[in-house]
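Engineer: Enclosed is the structure file target-v8.cif (mmCIF, N, CA and C atoms).
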```cif
data_input
loop_
_atom_site.label_atom_id
_atom_site.label_comp_id
_atom_site.auth_asym_id
_atom_site.auth_seq_id
_atom_site.Cartn_x
_atom_site.Cartn_y
_atom_site.Cartn_z
N MET I 1 -19.70 -11.92 -23.98
CA MET I 1 -19.23 -12.20 -22.64
C MET I 1 -19.06 -10.88 -21.89
N LYS I 2 -19.53 -10.85 -20.68
CA LYS I 2 -19.48 -9.66 -19.85
C LYS I 2 -18.14 -9.57 -19.12
N SER I 3 -17.53 -8.38 -19.12
CA SER I 3 -16.25 -8.19 -18.44
C SER I 3 -16.48 -8.06 -16.93
N THR I 4 -15.64 -8.73 -16.15
CA THR I 4 -15.75 -8.65 -14.69
C THR I 4 -14.80 -7.61 -14.11
N GLU I 5 -13.98 -7.01 -14.97
CA GLU I 5 -13.01 -6.03 -14.51
C GLU I 5 -13.72 -4.73 -14.11
N THR I 6 -13.40 -4.23 -12.93
CA THR I 6 -14.00 -3.00 -12.44
C THR I 6 -13.26 -1.81 -13.03
N LYS I 7 -14.02 -0.84 -13.50
CA LYS I 7 -13.42 0.38 -14.06
C LYS I 7 -13.52 1.49 -13.01
N TYR I 8 -12.40 2.16 -12.78
CA TYR I 8 -12.35 3.28 -11.84
C TYR I 8 -11.98 4.54 -12.60
N GLU I 9 -12.25 5.67 -11.99
CA GLU I 9 -11.81 6.94 -12.56
C GLU I 9 -10.29 6.94 -12.62
N ASN I 10 -9.72 7.72 -13.53
CA ASN I 10 -8.26 7.77 -13.67
C ASN I 10 -7.56 8.21 -12.39
N ASN I 11 -8.18 9.07 -11.63
CA ASN I 11 -7.54 9.62 -10.44
C ASN I 11 -8.07 9.02 -9.14
N TRP I 12 -8.54 7.81 -9.18
CA TRP I 12 -9.17 7.22 -8.00
C TRP I 12 -8.23 7.10 -6.81
N ARG I 13 -6.94 6.97 -7.03
CA ARG I 13 -6.00 6.89 -5.90
C ARG I 13 -5.78 8.24 -5.22
N GLU I 14 -6.18 9.30 -5.88
CA GLU I 14 -6.08 10.64 -5.30
C GLU I 14 -7.20 10.89 -4.30
N LYS I 15 -8.20 10.04 -4.32
CA LYS I 15 -9.41 10.26 -3.52
C LYS I 15 -9.40 9.40 -2.26
N SER I 16 -10.24 9.80 -1.33
CA SER I 16 -10.42 9.03 -0.09
C SER I 16 -11.55 8.01 -0.31
N LEU I 17 -11.67 7.09 0.63
CA LEU I 17 -12.78 6.14 0.56
C LEU I 17 -14.12 6.86 0.65
N ASP I 18 -14.20 7.90 1.48
CA ASP I 18 -15.43 8.69 1.56
C ASP I 18 -15.81 9.22 0.18
N ASN I 19 -14.84 9.78 -0.53
CA ASN I 19 -15.11 10.33 -1.86
C ASN I 19 -15.48 9.24 -2.86
N LEU I 20 -14.76 8.15 -2.84
CA LEU I 20 -15.00 7.08 -3.81
C LEU I 20 -16.35 6.41 -3.61
N LYS I 21 -16.71 6.21 -2.36
CA LYS I 21 -17.97 5.53 -2.06
C LYS I 21 -19.14 6.52 -2.00
N LYS I 22 -18.81 7.80 -2.02
CA LYS I 22 -19.83 8.85 -1.90
C LYS I 22 -20.73 8.61 -0.69
N ALA I 23 -20.06 8.19 0.38
CA ALA I 23 -20.74 7.94 1.65
C ALA I 23 -19.85 8.49 2.75
N TYR I 24 -20.37 9.40 3.51
CA TYR I 24 -19.57 10.07 4.53
C TYR I 24 -20.05 9.64 5.91
N TRP I 25 -19.12 9.14 6.67
CA TRP I 25 -19.46 8.70 8.02
C TRP I 25 -19.57 9.91 8.94
N SER I 26 -20.51 9.82 9.86
CA SER I 26 -20.62 10.86 10.88
C SER I 26 -19.57 10.59 11.96
N LYS I 27 -19.54 11.41 12.98
CA LYS I 27 -18.57 11.20 14.06
C LYS I 27 -18.77 9.81 14.66
N PRO I 28 -17.67 9.20 15.11
CA PRO I 28 -17.81 7.85 15.68
C PRO I 28 -18.67 7.86 16.94
N ASP I 29 -19.50 6.81 17.06
CA ASP I 29 -20.33 6.65 18.26
C ASP I 29 -19.53 6.01 19.40
N TYR I 30 -18.51 5.29 19.02
CA TYR I 30 -17.70 4.56 19.98
C TYR I 30 -16.29 5.11 19.94
N GLU I 31 -15.73 5.46 21.06
CA GLU I 31 -14.45 6.16 21.12
C GLU I 31 -13.25 5.24 21.36
N SER I 32 -13.14 4.16 20.59
CA SER I 32 -11.95 3.31 20.70
C SER I 32 -10.90 3.79 19.71
N HIS I 33 -9.67 3.40 19.93
CA HIS I 33 -8.58 3.78 19.02
C HIS I 33 -8.85 3.26 17.61
N LEU I 34 -9.30 2.01 17.51
CA LEU I 34 -9.57 1.40 16.21
C LEU I 34 -10.67 2.15 15.46
N VAL I 35 -11.75 2.45 16.14
CA VAL I 35 -12.86 3.15 15.49
C VAL I 35 -12.42 4.53 15.02
N LYS I 36 -11.71 5.26 15.87
CA LYS I 36 -11.24 6.60 15.47
C LYS I 36 -10.27 6.50 14.28
N THR I 37 -9.39 5.50 14.30
CA THR I 37 -8.43 5.32 13.21
C THR I 37 -9.16 5.03 11.90
N CYS I 38 -10.13 4.15 11.93
CA CYS I 38 -10.89 3.82 10.71
C CYS I 38 -11.61 5.05 10.17
N HIS I 39 -12.18 5.85 11.03
CA HIS I 39 -12.86 7.08 10.60
C HIS I 39 -11.86 8.03 9.95
N GLN I 40 -10.68 8.16 10.53
CA GLN I 40 -9.65 9.04 9.96
C GLN I 40 -9.16 8.53 8.61
N LEU I 41 -8.96 7.22 8.51
CA LEU I 41 -8.44 6.64 7.27
C LEU I 41 -9.44 6.74 6.12
N ARG I 42 -10.73 6.79 6.42
CA ARG I 42 -11.72 6.96 5.34
C ARG I 42 -11.58 8.32 4.66
N LYS I 43 -10.94 9.27 5.34
CA LYS I 43 -10.77 10.61 4.78
C LYS I 43 -9.40 10.80 4.10
N LYS I 44 -8.52 9.83 4.24
CA LYS I 44 -7.15 9.90 3.71
C LYS I 44 -7.13 9.45 2.25
N PRO I 45 -6.45 10.20 1.36
CA PRO I 45 -6.33 9.75 -0.03
C PRO I 45 -5.62 8.39 -0.10
N LEU I 46 -6.09 7.53 -0.98
CA LEU I 46 -5.54 6.17 -1.07
C LEU I 46 -4.06 6.16 -1.40
N LYS I 47 -3.59 7.13 -2.17
CA LYS I 47 -2.17 7.16 -2.54
C LYS I 47 -1.27 7.39 -1.33
N GLU I 48 -1.85 7.88 -0.22
CA GLU I 48 -1.07 8.13 1.00
C GLU I 48 -1.14 6.98 2.00
N PHE I 49 -1.90 5.93 1.68
CA PHE I 49 -2.03 4.80 2.59
C PHE I 49 -0.71 4.08 2.74
N GLU I 50 -0.41 3.71 3.97
CA GLU I 50 0.77 2.90 4.26
C GLU I 50 0.30 1.46 4.47
N ILE I 51 1.23 0.54 4.53
CA ILE I 51 0.89 -0.87 4.71
C ILE I 51 -0.01 -1.08 5.93
N GLU I 52 0.31 -0.45 7.03
CA GLU I 52 -0.48 -0.61 8.25
C GLU I 52 -1.90 -0.09 8.05
N ASP I 53 -2.07 1.00 7.32
CA ASP I 53 -3.41 1.54 7.03
C ASP I 53 -4.21 0.51 6.24
N LEU I 54 -3.58 -0.08 5.24
CA LEU I 54 -4.24 -1.10 4.42
C LEU I 54 -4.63 -2.30 5.28
N ARG I 55 -3.72 -2.73 6.14
CA ARG I 55 -3.99 -3.88 7.01
C ARG I 55 -5.20 -3.62 7.90
N ILE I 56 -5.24 -2.45 8.49
CA ILE I 56 -6.35 -2.11 9.39
C ILE I 56 -7.67 -2.09 8.64
N MET I 57 -7.72 -1.37 7.54
CA MET I 57 -8.99 -1.18 6.83
C MET I 57 -9.47 -2.48 6.17
N ILE I 58 -8.58 -3.23 5.56
CA ILE I 58 -9.00 -4.50 4.95
C ILE I 58 -9.43 -5.48 6.04
N GLY I 59 -8.70 -5.47 7.16
CA GLY I 59 -9.06 -6.33 8.28
C GLY I 59 -10.43 -6.02 8.86
N GLN I 60 -10.85 -4.77 8.77
CA GLN I 60 -12.16 -4.35 9.25
C GLN I 60 -13.22 -4.42 8.13
N ASN I 61 -12.81 -4.90 6.96
CA ASN I 61 -13.69 -5.01 5.79
C ASN I 61 -14.27 -3.65 5.37
N ILE I 62 -13.42 -2.64 5.43
CA ILE I 62 -13.80 -1.29 5.02
C ILE I 62 -13.08 -0.98 3.71
N GLY I 63 -13.84 -0.84 2.66
CA GLY I 63 -13.28 -0.47 1.36
C GLY I 63 -12.45 -1.51 0.65
N PRO I 64 -12.73 -2.81 0.84
CA PRO I 64 -11.87 -3.80 0.19
C PRO I 64 -11.91 -3.71 -1.34
N LYS I 65 -13.02 -3.26 -1.89
CA LYS I 65 -13.14 -3.12 -3.35
C LYS I 65 -12.00 -2.27 -3.92
N PHE I 66 -11.59 -1.26 -3.18
CA PHE I 66 -10.52 -0.37 -3.62
C PHE I 66 -9.17 -0.76 -3.02
N LEU I 67 -9.16 -1.15 -1.77
CA LEU I 67 -7.91 -1.32 -1.04
C LEU I 67 -7.16 -2.61 -1.34
N VAL I 68 -7.85 -3.66 -1.72
CA VAL I 68 -7.16 -4.92 -1.99
C VAL I 68 -6.20 -4.76 -3.17
N SER I 69 -6.62 -4.05 -4.22
CA SER I 69 -5.72 -3.87 -5.37
C SER I 69 -4.51 -3.00 -4.99
N VAL I 70 -4.72 -2.01 -4.12
CA VAL I 70 -3.60 -1.19 -3.64
C VAL I 70 -2.64 -2.07 -2.83
N ALA I 71 -3.20 -2.92 -1.98
CA ALA I 71 -2.38 -3.80 -1.13
C ALA I 71 -1.57 -4.77 -1.98
N ILE I 72 -2.17 -5.32 -3.03
CA ILE I 72 -1.46 -6.27 -3.90
C ILE I 72 -0.29 -5.58 -4.58
N GLU I 73 -0.50 -4.36 -5.07
CA GLU I 73 0.58 -3.62 -5.71
C GLU I 73 1.72 -3.33 -4.73
N GLU I 74 1.36 -2.95 -3.50
CA GLU I 74 2.38 -2.70 -2.47
C GLU I 74 3.17 -3.97 -2.17
N LEU I 75 2.47 -5.09 -2.06
CA LEU I 75 3.15 -6.36 -1.78
C LEU I 75 4.11 -6.73 -2.91
N LYS I 76 3.65 -6.57 -4.15
CA LYS I 76 4.52 -6.88 -5.29
C LYS I 76 5.78 -6.03 -5.25
N GLU I 77 5.61 -4.74 -5.01
CA GLU I 77 6.75 -3.82 -4.97
C GLU I 77 7.70 -4.17 -3.83
N ASN I 78 7.15 -4.43 -2.65
CA ASN I 78 8.00 -4.74 -1.50
C ASN I 78 8.71 -6.08 -1.67
N ILE I 79 8.03 -7.06 -2.24
CA ILE I 79 8.65 -8.36 -2.46
C ILE I 79 9.79 -8.22 -3.46
N LEU I 80 9.56 -7.48 -4.54
CA LEU I 80 10.60 -7.28 -5.55
C LEU I 80 11.81 -6.58 -4.93
N ASN I 81 11.58 -5.52 -4.18
CA ASN I 81 12.69 -4.81 -3.53
C ASN I 81 13.45 -5.72 -2.58
N GLU I 82 12.72 -6.56 -1.84
CA GLU I 82 13.36 -7.48 -0.90
C GLU I 82 14.23 -8.49 -1.64
N LEU I 83 13.72 -9.03 -2.74
CA LEU I 83 14.50 -10.00 -3.52
C LEU I 83 15.75 -9.36 -4.10
N ILE I 84 15.63 -8.16 -4.63
CA ILE I 84 16.78 -7.45 -5.18
C ILE I 84 17.82 -7.21 -4.09
N GLN I 85 17.34 -6.77 -2.93
CA GLN I 85 18.23 -6.49 -1.80
C GLN I 85 18.99 -7.76 -1.40
N GLN I 86 18.29 -8.88 -1.29
CA GLN I 86 18.94 -10.14 -0.89
C GLN I 86 19.97 -10.58 -1.92
N ASN I 87 19.63 -10.46 -3.20
CA ASN I 87 20.58 -10.85 -4.25
C ASN I 87 21.81 -9.96 -4.25
N LEU I 88 21.63 -8.67 -4.00
CA LEU I 88 22.77 -7.76 -3.94
C LEU I 88 23.67 -8.09 -2.77
N GLU I 89 23.08 -8.46 -1.64
CA GLU I 89 23.89 -8.82 -0.47
C GLU I 89 24.70 -10.09 -0.76
N LEU I 90 24.08 -11.07 -1.41
CA LEU I 90 24.82 -12.28 -1.78
C LEU I 90 25.94 -11.96 -2.75
N SER I 91 25.65 -11.12 -3.73
CA SER I 91 26.67 -10.73 -4.71
C SER I 91 27.80 -9.98 -4.02
N ASP I 92 27.46 -9.12 -3.07
CA ASP I 92 28.44 -8.35 -2.32
C ASP I 92 29.39 -9.29 -1.57
N GLN I 93 28.84 -10.34 -0.97
CA GLN I 93 29.65 -11.30 -0.22
C GLN I 93 30.56 -12.12 -1.14
N ASN I 94 30.07 -12.42 -2.34
CA ASN I 94 30.81 -13.28 -3.26
C ASN I 94 31.78 -12.51 -4.16
N ALA I 95 31.65 -11.18 -4.19
CA ALA I 95 32.54 -10.37 -5.04
C ALA I 95 32.91 -9.10 -4.28
N PRO I 96 33.72 -9.24 -3.21
CA PRO I 96 34.05 -8.08 -2.38
C PRO I 96 34.75 -6.95 -3.15
N GLU I 97 35.39 -7.27 -4.26
CA GLU I 97 36.08 -6.23 -5.03
C GLU I 97 35.09 -5.25 -5.69
N LEU I 98 33.81 -5.62 -5.73
CA LEU I 98 32.78 -4.76 -6.33
C LEU I 98 31.91 -4.09 -5.26
N LYS I 99 32.45 -4.02 -4.04
CA LYS I 99 31.68 -3.52 -2.89
C LYS I 99 31.05 -2.14 -3.16
N GLU I 100 31.82 -1.20 -3.71
CA GLU I 100 31.30 0.15 -3.97
C GLU I 100 30.12 0.12 -4.93
N GLU I 101 30.25 -0.66 -5.98
CA GLU I 101 29.16 -0.75 -6.96
C GLU I 101 27.91 -1.34 -6.34
N PHE I 102 28.07 -2.39 -5.52
CA PHE I 102 26.92 -3.01 -4.87
C PHE I 102 26.26 -2.04 -3.90
N GLU I 103 27.05 -1.26 -3.17
CA GLU I 103 26.48 -0.29 -2.24
C GLU I 103 25.62 0.75 -2.98
N GLY I 104 26.11 1.19 -4.14
CA GLY I 104 25.34 2.14 -4.95
C GLY I 104 24.02 1.54 -5.41
N LEU I 105 24.07 0.29 -5.84
CA LEU I 105 22.85 -0.38 -6.28
C LEU I 105 21.87 -0.57 -5.12
N LYS I 106 22.40 -0.96 -3.96
CA LYS I 106 21.53 -1.18 -2.80
C LYS I 106 20.81 0.10 -2.41
N SER I 107 21.52 1.22 -2.41
CA SER I 107 20.88 2.47 -2.01
C SER I 107 19.83 2.91 -3.03
N SER I 108 19.95 2.52 -4.29
CA SER I 108 18.98 2.92 -5.30
C SER I 108 17.68 2.13 -5.20
N VAL I 109 17.68 0.94 -4.58
CA VAL I 109 16.44 0.17 -4.45
C VAL I 109 15.77 0.36 -3.09
N ARG I 110 16.37 1.10 -2.22
CA ARG I 110 15.76 1.34 -0.90
C ARG I 110 14.70 2.37 -0.98
#
```
Show me, as structure tokens, the structure contained in the file I just sent.

Structural biologist:
Amino acid sequence: MKSTETKYENNWREKSLDNLKKAYWSKPDYESHLVKTCHQLRKKPLKEFEIEDLRIMIGQNIGPKFLVSVAIEELKENILNELIQQNLELSDQNAPELKEEFEGLKSSVR
């Protein structure tokens, strides 16, 4: 049986889409904000991508092979942090005598 899992270099998140795809875009022909942003993001290392960068590039179908897995990891992390934060707030409301401890925990997950 053939594996469908894609293998990447160990340091693939250190690289930009230009480096990973070994395809370098020339200067943009069209001077819109979106086009310029996409050109700039192709040169940015994936480990530095923010949620908005991922949204833009995946929405434009640029580099989904690499970016979708980065986006999924970001979503998992953000969802987990959000759930922890909500549970701590509920615990804080239900056990006011532990307010200091809850504040310490909240700041550690931010």

Engineer: With only N, CA and C atoms counted, which protein, DNA or RNA residues have an atom no more than 7 Å from (-9.5, 2.3, -0.7) in the file frame? Please answer as a list in words.

Structural biologist: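 Residues found, by chain and rising number: Ser16, Leu17, Leu46, Ile62, Gly63, Pro64, Lys65, Phe66, Leu67 and Val68 of chain I.
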
Engineer: Go through I:Glu74, I:Asp53, I:Asn61, I:Lys44 one by one, measure the shortest atom-to-atom distance of each to Asn19 in chain I using all atoms listed in the file, and give the residue with the smallest value.

Structural biologist: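 Among the listed residues, the smallest separation from Asn19 in chain I belongs to I:Lys44.
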
Engineer: When you draw a straight line from CA of Met57 in chain I to atom C of Leu80 in chain I, how long is it in Å?

Structural biologist: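 We find that CA of Met57 in chain I and atom C of Leu80 in chain I lie 24.5 Å from each other.
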
Engineer: Taking 2 positions as the minimum chain separation for residues in the same chain, which residues sit within 8 Å of Arg13 in chain I when counting all atoms listed in the file? Answer as a ChimeraX atom specification.

Structural biologist: /I:8-11,15-16,44-48

Engineer: Nearest residue to Lys43 in chain I out of I:Lys27, I:Lys76, I:Asp18, I:Ala71, using all atoms listed in the file?

Structural biologist: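 Ranked by minimum distance to Lys43 in chain I, first place goes to I:Asp18.
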
Engineer: Would you work out the distance separating atom C of Ile72 in chain I from atom N of Gln86 in chain I, expressed in Å to one decimal?

Structural biologist: 19.2 Å

Engineer: CA of Trp12 in chain I to CA of Leu75 in chain I: how many Å, to one decimal?

Structural biologist: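 So the two atoms, CA of Trp12 in chain I and CA of Leu75 in chain I, lie 19.4 Å apart.
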
Engineer: Tell me, which residues of range 10-102 of chain I carry DSSP helix (DSSP H, G or I), written as a PyMOL selection string?

Structural biologist: chain I and resi 12-14+17-21+33-41+46-48+51-59+64-94+96-102
